[in-house]
file protein04.cif (mmCIF, C-alpha atoms)
data_work
loop_
_atom_site.label_atom_id
_atom_site.label_comp_id
_atom_site.auth_asym_id
_atom_site.auth_seq_id
_atom_site.Cartn_x
_atom_site.Cartn_y
_atom_site.Cartn_z
CA MET A 1 3.29 24.06 -27.49
CA SER A 2 0.38 26.47 -27.40
CA ALA A 3 -0.83 28.04 -24.19
CA VAL A 4 -4.06 26.01 -24.36
CA GLY A 5 -2.41 22.73 -25.30
CA ARG A 6 -0.01 22.97 -22.37
CA VAL A 7 -2.38 21.12 -20.10
CA GLN A 8 -4.17 18.98 -22.68
CA GLN A 9 -4.17 15.33 -21.58
CA TRP A 10 -6.57 13.39 -23.76
CA ALA A 11 -5.00 10.09 -22.83
CA THR A 12 -5.99 10.71 -19.20
CA PHE A 13 -9.46 9.39 -19.95
CA GLY A 14 -8.24 6.43 -22.00
CA ARG A 15 -9.28 2.98 -20.80
CA MET A 16 -6.20 0.89 -20.04
CA TRP A 17 -6.03 -2.91 -20.12
CA TYR A 18 -3.55 -4.41 -17.66
CA LEU A 19 -2.17 -7.93 -17.80
CA PHE A 20 -1.52 -9.65 -14.47
CA ASP A 21 0.23 -12.99 -14.16
CA ALA A 22 -1.22 -14.75 -11.09
CA LYS A 23 1.35 -17.54 -11.10
CA TRP A 24 2.53 -18.23 -7.54
CA GLN A 25 0.78 -15.11 -6.30
CA ASN A 26 -1.26 -14.72 -3.14
CA PRO A 27 -4.81 -14.02 -4.44
CA PHE A 28 -5.83 -12.06 -1.31
CA HIS A 29 -2.79 -9.84 -1.65
CA SER A 30 -3.14 -9.45 -5.42
CA ALA A 31 -6.84 -8.63 -5.09
CA ASP A 32 -5.98 -5.42 -3.21
CA LYS A 33 -4.01 -4.23 -6.19
CA ILE A 34 -6.54 -5.41 -8.78
CA LYS A 35 -9.33 -3.71 -6.84
CA ASP A 36 -7.54 -0.36 -7.10
CA ILE A 37 -7.23 -0.71 -10.86
CA LEU A 38 -10.87 -1.74 -11.32
CA THR A 39 -12.18 1.18 -9.27
CA GLY A 40 -9.71 3.68 -10.68
CA THR A 41 -8.29 4.78 -7.31
CA HIS A 42 -4.82 4.49 -8.84
CA LYS A 43 -5.50 7.64 -10.86
CA PRO A 44 -5.31 11.25 -9.67
CA ILE A 45 -8.59 12.01 -11.47
CA TYR A 46 -10.50 9.50 -9.31
CA HIS A 47 -13.93 10.47 -8.08
CA ASP A 48 -16.83 8.34 -6.84
CA LEU A 49 -19.02 9.48 -9.74
CA ASN A 50 -16.23 9.24 -12.29
CA ASP A 51 -16.15 6.02 -14.29
CA CYS A 52 -12.37 5.82 -14.59
CA GLY A 53 -11.66 2.17 -13.75
CA ASP A 54 -9.40 0.13 -16.01
CA HIS A 55 -9.58 -3.47 -17.20
CA VAL A 56 -7.47 -6.23 -15.69
CA VAL A 57 -6.71 -9.46 -17.53
CA VAL A 58 -5.50 -12.12 -15.12
CA ILE A 59 -3.70 -15.15 -16.53
CA ASN A 60 -2.55 -18.39 -14.89
CA SER A 61 -5.18 -18.17 -12.16
CA SER A 62 -5.01 -21.96 -11.73
CA GLU A 63 -1.47 -21.55 -10.35
CA ILE A 64 -2.27 -19.17 -7.50
CA ALA A 65 -0.55 -19.82 -4.17
CA LEU A 66 -2.67 -19.61 -1.03
CA PRO A 67 -0.70 -18.85 2.14
CA GLY A 68 -0.31 -21.27 5.05
CA VAL A 69 -3.14 -23.75 5.57
CA GLU A 70 -5.65 -21.77 3.51
CA TRP A 71 -6.18 -24.53 0.95
CA GLU A 72 -7.48 -26.90 3.64
CA LYS A 73 -9.00 -24.44 6.11
CA ARG A 74 -10.64 -21.72 3.98
CA VAL A 75 -14.32 -22.43 3.42
CA TYR A 76 -16.68 -20.89 0.90
CA PHE A 77 -20.30 -20.79 1.99
CA HIS A 78 -23.29 -21.04 -0.30
CA HIS A 79 -27.00 -21.34 0.42
CA THR A 80 -29.58 -22.26 -2.19
CA GLY A 81 -32.34 -20.54 -0.22
CA TYR A 82 -34.23 -23.77 0.41
CA ALA A 83 -34.25 -25.77 3.64
CA LYS A 84 -31.02 -27.72 4.13
CA GLY A 85 -29.65 -25.76 1.21
CA ALA A 86 -26.42 -24.72 2.93
CA SER A 87 -23.15 -25.98 1.57
CA TRP A 88 -19.56 -25.43 2.56
CA THR A 89 -16.80 -25.86 0.00
CA LEU A 90 -13.13 -25.97 0.88
CA ALA A 91 -10.78 -23.75 -1.08
CA TRP A 92 -9.07 -26.67 -2.80
CA GLN A 93 -12.40 -28.19 -3.80
CA LEU A 94 -13.58 -24.88 -5.25
CA HIS A 95 -10.29 -24.53 -7.09
CA HIS A 96 -10.82 -27.97 -8.64
CA LYS A 97 -14.32 -26.99 -9.79
CA ASP A 98 -13.31 -23.65 -11.24
CA PRO A 99 -9.71 -22.39 -11.09
CA THR A 100 -10.80 -18.77 -11.57
CA MET A 101 -13.32 -18.76 -8.75
CA ILE A 102 -11.09 -18.04 -5.74
CA LEU A 103 -9.58 -14.94 -7.31
CA ARG A 104 -12.93 -13.74 -8.60
CA LYS A 105 -14.63 -14.14 -5.25
CA THR A 106 -11.75 -12.44 -3.47
CA VAL A 107 -11.83 -9.39 -5.72
CA TYR A 108 -15.63 -9.30 -5.49
CA SER A 109 -15.50 -9.22 -1.70
CA LYS A 110 -12.83 -6.51 -1.68
CA LEU A 111 -14.77 -4.15 -3.93
CA SER A 112 -17.03 -1.63 -2.21
CA LYS A 113 -20.58 -2.90 -1.79
CA ASN A 114 -22.59 -0.63 -4.03
CA LEU A 115 -24.32 -0.58 -7.41
CA LEU A 116 -21.00 -0.13 -9.20
CA ARG A 117 -19.69 -3.50 -8.00
CA ARG A 118 -21.15 -5.64 -10.80
CA GLY A 119 -19.95 -3.21 -13.45
CA ARG A 120 -16.47 -3.20 -11.99
CA MET A 121 -16.39 -6.98 -11.94
CA GLU A 122 -17.20 -6.94 -15.65
CA LYS A 123 -13.82 -5.25 -16.17
CA LEU A 124 -12.03 -8.22 -14.63
CA HIS A 125 -11.12 -11.00 -17.06
CA ILE A 126 -9.67 -14.12 -15.45
CA PHE A 127 -8.16 -17.05 -17.36
CA PRO A 128 -6.98 -20.29 -15.77
CA ASP A 129 -3.97 -20.56 -18.11
CA ASP A 130 -2.04 -18.26 -20.43
CA LYS A 131 -4.41 -18.79 -23.35
CA ILE A 132 -6.29 -15.55 -23.96
CA PRO A 133 -8.69 -14.89 -26.82
CA ASP A 134 -7.23 -12.50 -29.38
CA SER A 135 -10.13 -10.10 -28.94
CA ILE A 136 -8.93 -9.47 -25.38
CA LEU A 137 -5.22 -9.73 -26.00
CA GLU A 138 -5.29 -7.02 -28.65
CA ASN A 139 -6.52 -4.51 -26.04
CA VAL A 140 -3.82 -5.23 -23.46
CA SER A 141 -1.52 -2.23 -23.23
CA ALA A 142 0.33 -2.61 -19.93
CA GLN A 143 1.41 -5.14 -17.34
CA LEU A 144 0.98 -5.17 -13.59
CA ARG A 145 4.02 -5.99 -11.51
CA GLN A 146 3.72 -9.27 -9.60
CA MET A 147 3.35 -8.86 -5.86
CA ARG A 148 6.07 -11.39 -4.99
CA PRO A 149 8.90 -13.11 -6.88
CA ILE A 150 8.27 -16.66 -8.13
CA PRO A 151 10.45 -18.99 -6.06
CA LYS A 152 12.61 -21.54 -7.85
CA ARG A 153 12.08 -25.11 -6.71
CA LEU A 154 14.98 -27.43 -5.94
CA ASP A 155 14.07 -29.76 -8.82
CA HIS A 156 14.26 -26.83 -11.22
CA TYR A 157 17.99 -26.40 -10.56
CA THR A 158 20.38 -28.47 -12.59
CA ARG A 159 22.27 -31.27 -10.86
CA GLU A 160 25.49 -29.36 -11.48
CA GLU A 161 24.19 -26.24 -9.74
CA VAL A 162 23.01 -28.24 -6.73
CA GLU A 163 26.34 -30.00 -6.33
CA LYS A 164 28.28 -26.75 -6.73
CA PHE A 165 26.26 -25.06 -3.97
CA PRO A 166 28.52 -24.52 -0.93
CA LYS A 167 27.76 -27.01 1.84
CA VAL A 168 28.43 -26.22 5.49
CA PHE A 169 28.77 -29.86 6.54
CA ASP A 170 28.30 -33.41 5.29
CA TRP A 171 25.70 -35.74 6.75
CA PRO A 172 27.19 -38.68 8.63
CA LYS A 173 27.27 -41.92 6.59
CA ASP A 174 24.74 -43.66 8.84
CA TYR A 175 22.29 -40.71 9.10
CA ILE A 176 18.92 -41.30 7.44
CA ILE A 177 17.34 -38.13 6.04
CA LYS A 178 13.59 -38.24 6.54
CA MET B 1 -67.24 53.40 23.16
CA VAL B 2 -64.78 50.62 23.71
CA ILE B 3 -61.42 51.08 22.15
CA THR B 4 -60.21 47.59 21.05
CA SER B 5 -57.22 48.61 18.94
CA PRO B 6 -54.51 48.33 21.64
CA THR B 7 -55.81 44.95 22.73
CA LEU B 8 -55.91 43.67 19.19
CA LEU B 9 -52.47 45.07 18.47
CA ALA B 10 -51.12 43.35 21.57
CA ARG B 11 -52.65 40.06 20.44
CA SER B 12 -51.15 40.25 16.94
CA ARG B 13 -47.59 40.72 18.14
CA GLY B 14 -44.74 38.59 16.83
CA ALA B 15 -44.45 36.64 13.59
CA ASP B 16 -47.67 35.86 11.85
CA LYS B 17 -48.51 32.18 11.96
CA TYR B 18 -49.14 32.11 8.22
CA TRP B 19 -45.79 33.63 7.32
CA LYS B 20 -44.00 31.44 9.81
CA GLN B 21 -45.44 28.40 8.09
CA ARG B 22 -44.64 29.74 4.65
CA ARG B 23 -41.02 30.07 5.73
CA ILE B 24 -40.87 26.36 6.52
CA LEU B 25 -42.89 25.28 3.50
CA ARG B 26 -40.47 27.15 1.26
CA LEU B 27 -37.76 24.80 2.46
CA SER B 28 -39.93 21.73 1.86
CA ALA B 29 -41.06 22.88 -1.60
CA HIS B 30 -39.08 20.18 -3.39
CA TYR B 31 -40.16 17.28 -1.13
CA TYR B 32 -42.43 14.43 -2.20
CA GLY B 33 -46.00 13.83 -1.05
CA ARG B 34 -47.59 15.42 1.99
CA ARG B 35 -44.19 16.43 3.30
CA GLN B 36 -44.32 19.17 0.70
CA ASN B 37 -47.51 20.98 1.70
CA CYS B 38 -48.76 19.79 5.11
CA TYR B 39 -47.05 21.94 7.70
CA SER B 40 -47.06 19.53 10.64
CA ILE B 41 -45.46 16.83 8.46
CA ALA B 42 -43.20 19.22 6.57
CA ILE B 43 -41.71 20.71 9.75
CA ARG B 44 -40.44 17.29 10.82
CA SER B 45 -38.57 16.70 7.55
CA VAL B 46 -37.26 20.25 7.39
CA ARG B 47 -35.91 20.11 10.93
CA ARG B 48 -34.17 16.84 10.21
CA ALA B 49 -32.81 18.19 6.94
CA LEU B 50 -31.37 21.22 8.69
CA GLN B 51 -29.77 18.98 11.32
CA TYR B 52 -28.20 16.90 8.55
CA SER B 53 -26.90 19.96 6.77
CA THR B 54 -25.26 21.18 9.98
CA LEU B 55 -23.63 17.80 10.51
CA HIS B 56 -22.55 17.41 6.92
CA ARG B 57 -20.85 20.78 6.78
CA ARG B 58 -18.11 19.01 8.77
CA LEU B 59 -18.39 15.64 7.02
CA ASN B 60 -18.12 17.37 3.66
CA LYS B 61 -14.68 18.68 4.58
CA LEU B 62 -13.67 15.23 5.80
CA MET B 63 -14.91 13.68 2.54
CA TYR B 64 -12.86 16.08 0.46
CA LYS B 65 -9.81 15.42 2.63
CA THR B 66 -10.00 11.66 2.02
CA LEU B 67 -10.65 12.18 -1.71
CA TRP B 68 -7.65 14.48 -2.07
CA GLU B 69 -5.40 12.23 -0.04
CA GLY B 70 -6.36 9.29 -2.24
CA ARG B 71 -5.65 11.25 -5.39
CA ILE B 72 -2.28 12.48 -4.15
CA ASN B 73 -1.39 8.95 -3.04
CA ALA B 74 -2.32 7.59 -6.48
CA SER B 75 -0.05 10.10 -8.16
CA CYS B 76 2.75 9.49 -5.66
CA GLN B 77 2.62 5.73 -6.18
CA GLU B 78 2.92 6.22 -9.93
CA LEU B 79 6.16 8.05 -9.22
CA GLY B 80 7.49 5.57 -6.67
CA THR B 81 6.74 7.30 -3.40
CA THR B 82 3.76 7.57 -1.03
CA TYR B 83 1.44 10.21 0.32
CA ASN B 84 2.79 9.83 3.85
CA ASP B 85 6.38 10.38 2.74
CA MET B 86 5.37 13.44 0.75
CA TYR B 87 3.41 14.81 3.71
CA ALA B 88 6.44 14.48 5.98
CA THR B 89 8.81 15.96 3.41
CA MET B 90 6.57 18.96 2.69
CA ASP B 91 6.51 19.66 6.41
CA GLN B 92 10.28 19.39 6.81
CA ALA B 93 11.11 21.39 3.70
CA GLY B 94 8.62 24.12 4.64
CA ILE B 95 6.64 23.83 1.40
CA ALA B 96 3.24 25.18 2.36
CA LEU B 97 1.04 23.49 -0.24
CA ASP B 98 -2.23 22.06 1.02
CA ARG B 99 -3.99 18.92 -0.19
CA LYS B 100 -6.28 20.83 -2.51
CA ILE B 101 -3.37 22.45 -4.33
CA LEU B 102 -1.37 19.23 -4.45
CA GLN B 103 -4.20 17.22 -6.02
CA ASN B 104 -4.74 20.02 -8.52
CA LEU B 105 -1.07 19.85 -9.42
CA ALA B 106 -1.31 16.06 -9.73
CA ILE B 107 -4.15 16.37 -12.23
CA TRP B 108 -3.37 19.52 -14.16
CA GLU B 109 0.37 19.95 -13.77
CA PRO B 110 1.85 16.46 -13.56
CA ARG B 111 5.36 17.73 -14.20
CA SER B 112 5.23 20.16 -11.28
CA PHE B 113 3.93 17.32 -9.15
CA ARG B 114 6.72 15.05 -10.35
CA ALA B 115 9.22 17.66 -9.18
CA LEU B 116 7.69 17.50 -5.69
CA ALA B 117 7.70 13.70 -5.77
CA LEU B 118 11.36 13.68 -6.80
CA LEU B 119 12.12 16.06 -3.93
CA THR B 120 10.31 13.66 -1.58
CA LYS B 121 12.31 10.71 -2.81
CA ALA B 122 15.60 12.61 -2.55
CA LYS B 123 14.78 13.73 1.00
CA GLN B 124 13.73 10.24 2.07
CA GLU B 125 16.94 8.79 0.66
CA GLU B 126 18.95 11.47 2.45
CA GLU B 127 17.37 10.51 5.77
CA GLY B 128 17.81 6.83 5.03
CA LEU B 129 14.91 5.78 7.25
CA ASN B 130 13.64 3.10 4.86
CA SER B 131 17.00 1.76 3.75
CA LEU B 132 19.95 -0.05 5.25
CA ASP B 133 22.38 2.50 3.78
CA GLY B 134 21.61 5.33 6.17
CA PRO B 135 23.50 6.24 9.34
CA VAL B 136 23.27 3.79 12.25
CA PRO B 137 20.99 5.13 14.97
CA ALA B 138 22.65 5.98 18.30
CA GLY B 139 22.73 3.42 21.11
CA VAL B 140 22.89 0.33 18.91
CA VAL B 141 25.58 -2.15 19.85
CA THR B 142 26.88 -4.01 16.82
CA ARG B 143 29.44 -6.78 16.43
CA GLY B 144 32.20 -4.38 15.38
CA MET B 145 31.99 -2.60 18.75
CA LEU B 146 32.45 -5.66 20.92
#

call {"tool": "encode", "arguments": {"input": "protein04.cif", "output": "structure tokens"}}
result
Amino acid sequence: MSAVGRVQQWATFGRMWYLFDAKWQNPFHSADKIKDILTGTHKPIYHDLNDCGDHVVVINSSEIALPGVEWEKRVYFHHTGYAKGASWTLAWQLHHKDPTMILRKTVYSKLSKNLLRRGRMEKLHIFPDDKIPDSILENVSAQLRQMRPIPKRLDHYTREEVEKFPKVFDWPKDYIIK
Amino acid sequence: MVITSPTLLARSRGADKYWKQRRILRLSAHYYGRRQNCYSIAIRSVRRALQYSTLHRRLNKLMYKTLWEGRINASCQELGTTYNDMYATMDQAGIALDRKILQNLAIWEPRSFRALALLTKAKQEEEGLNSLDGPVPAGVVTRGML
């Protein structure tokens, strides 16, 4: 390696495309991570004037998991600008209308409020399921780790596994499980 | 004959008004509109600009500190550790590298930086603060004792 080439890092300025599987992920928690990628703060070369943000392709956004009572209690506000133009949409209603909207709005609100925000949002590609156009899929070069493991539901275990699971006690014969 | 020279000399003491104004207008030369050439308007902007520059001499240092910390943290997280852990380890191990040098290493000498990150991880593991494998802190009563 030559003395000049010792510190050559052309790939440093390469634009990466990350794939993120939003299945069973908390969108508010995931958005923190996605925001870092979009702004480029995950790189040591980051600077405010340096356009070093990467692309994020989010799949399965229709299967996000909101924590606690957020589906019923979280409200998205919109105003048309006219009199009586205010509207409040619950998270579950918004998710029915557009399954990418909750994640998109969350990332949008987490990004810093400046002229770069719209451009950074352009680097975010959200898909409700795992069907991605080939033009986008061919760019994807890395994957983001999921923020939390996907839990396995009881009905996903086989009957054999459930019966083999060690039980501490048996219910009484006359006990009715609610 | 009346000699006026001393009187006139006494009156013209101190900085000339013209040159005093030129001094200010030099600083406002790049401003827009009447702030550029009208003294009474220019002086306001120049005074405020000088106040800002005094204030921002401190804020500039703070800005660089946050930028460097962010960069070091980004590099650390790539390597599985954090800025705070590295900060503590550098202090303990007596490695006197400041933020400016560390962020330069992170950008230009990633392998040197990786060595420091590996040192951080080894030290943190040795202390065992973030794991259940480390030594039990004193004064904790566990089941085995009773």

call {"tool": "resolve_selection", "arguments": {"input": "protein04.cif", "expression": "the PyMOL selection byres ((chain A) within 8 of (chain B))", "output": "tab-separated table (two decimals) with C-alpha atoms, keeping the file's coordinate frame"}}
result
chain	number	residue	atom	x	y	z
A	7	VAL	CA	-2.38	21.12	-20.10
A	41	THR	CA	-8.29	4.78	-7.31
A	42	HIS	CA	-4.82	4.49	-8.84
A	43	LYS	CA	-5.50	7.64	-10.86
A	44	PRO	CA	-5.31	11.25	-9.67
A	45	ILE	CA	-8.59	12.01	-11.47
A	46	TYR	CA	-10.50	9.50	-9.31
A	47	HIS	CA	-13.93	10.47	-8.08

call {"tool": "resolve_selection", "arguments": {"input": "protein04.cif", "expression": "the PyMOL selection byres ((chain A and resi 10-19) around 7)", "output": "ChimeraX atom specification"}}
result
/A:8-9,20-21,54-58,139-144

call {"tool": "write_last_selection", "arguments": {"input": "protein04.cif", "atoms": "C-alpha atoms", "output": "compact mmCIF listing (two decimals), in the frame of the given file"}}
result
# COMPACT_ATOMS: atom_id res chain seq x y z
CA GLN A 8 -4.17 18.98 -22.68
CA GLN A 9 -4.17 15.33 -21.58
CA PHE A 20 -1.52 -9.65 -14.47
CA ASP A 21 0.23 -12.99 -14.16
CA ASP A 54 -9.40 0.13 -16.01
CA HIS A 55 -9.58 -3.47 -17.20
CA VAL A 56 -7.47 -6.23 -15.69
CA VAL A 57 -6.71 -9.46 -17.53
CA VAL A 58 -5.50 -12.12 -15.12
CA ASN A 139 -6.52 -4.51 -26.04
CA VAL A 140 -3.82 -5.23 -23.46
CA SER A 141 -1.52 -2.23 -23.23
CA ALA A 142 0.33 -2.61 -19.93
CA GLN A 143 1.41 -5.14 -17.34
CA LEU A 144 0.98 -5.17 -13.59

call {"tool": "closest_residue", "arguments": {"input": "protein04.cif", "among": "A:Ala22, A:Lys131, A:Tyr157, A:Arg74", "to": "Thr100 in chain A", "atoms": "only C-alpha atoms"}}
result
A:Ala22

call {"tool": "residues_around", "arguments": {"input": "protein04.cif", "residues": "Arg35 in chain B", "least_positions_apart": "6", "cutoff": "10 Å", "atoms": "only C-alpha atoms", "output": "list of chain:residue names"}}
result
B:Leu25, B:Ser28, B:Ala29, B:Ile41, B:Ala42, B:Ile43, B:Arg44, B:Ser45, B:Val46

call {"tool": "atom_distance", "arguments": {"input": "protein04.cif", "atom1": "CA of Glu161 in chain A", "atom2": "CA of Lys23 in chain A"}}
result
24.5 Å

call {"tool": "atom_distance", "arguments": {"input": "protein04.cif", "atom1": "CA of Thr82 in chain B", "atom2": "CA of Gln124 in chain B"}}
result
10.8 Å

call {"tool": "resolve_selection", "arguments": {"input": "protein04.cif", "expression": "the PyMOL selection byres ((chain A and resi 148) around 9)", "output": "MDAnalysis selection string"}}
result
chainID A and resid 24:26 145:147 149:151

call {"tool": "write_last_selection", "arguments": {"input": "protein04.cif", "atoms": "C-alpha atoms", "output": "mmCIF file, in the coordinates of the input"}}
result
data_model
loop_
_atom_site.group_PDB
_atom_site.id
_atom_site.type_symbol
_atom_site.label_atom_id
_atom_site.label_comp_id
_atom_site.auth_asym_id
_atom_site.auth_seq_id
_atom_site.Cartn_x
_atom_site.Cartn_y
_atom_site.Cartn_z
ATOM 1 C CA TRP A 24 2.530 -18.230 -7.540
ATOM 2 C CA GLN A 25 0.780 -15.110 -6.300
ATOM 3 C CA ASN A 26 -1.260 -14.720 -3.140
ATOM 4 C CA ARG A 145 4.020 -5.990 -11.510
ATOM 5 C CA GLN A 146 3.720 -9.270 -9.600
ATOM 6 C CA MET A 147 3.350 -8.860 -5.860
ATOM 7 C CA PRO A 149 8.900 -13.110 -6.880
ATOM 8 C CA ILE A 150 8.270 -16.660 -8.130
ATOM 9 C CA PRO A 151 10.450 -18.990 -6.060
#

call {"tool": "atom_distance", "arguments": {"input": "protein04.cif", "atom1": "CA of Lys123 in chain B", "atom2": "CA of Arg111 in chain B"}}
result
18.3 Å

call {"tool": "axis_aligned_box", "arguments": {"input": "protein04.cif", "around": "range 120-124 of chain B", "padding_each_side": "8 Å", "output": "JSON"}}
result
{"center_x": 13.0, "center_y": 12.0, "center_z": -0.4, "size_x": 21.3, "size_y": 19.5, "size_z": 20.9}
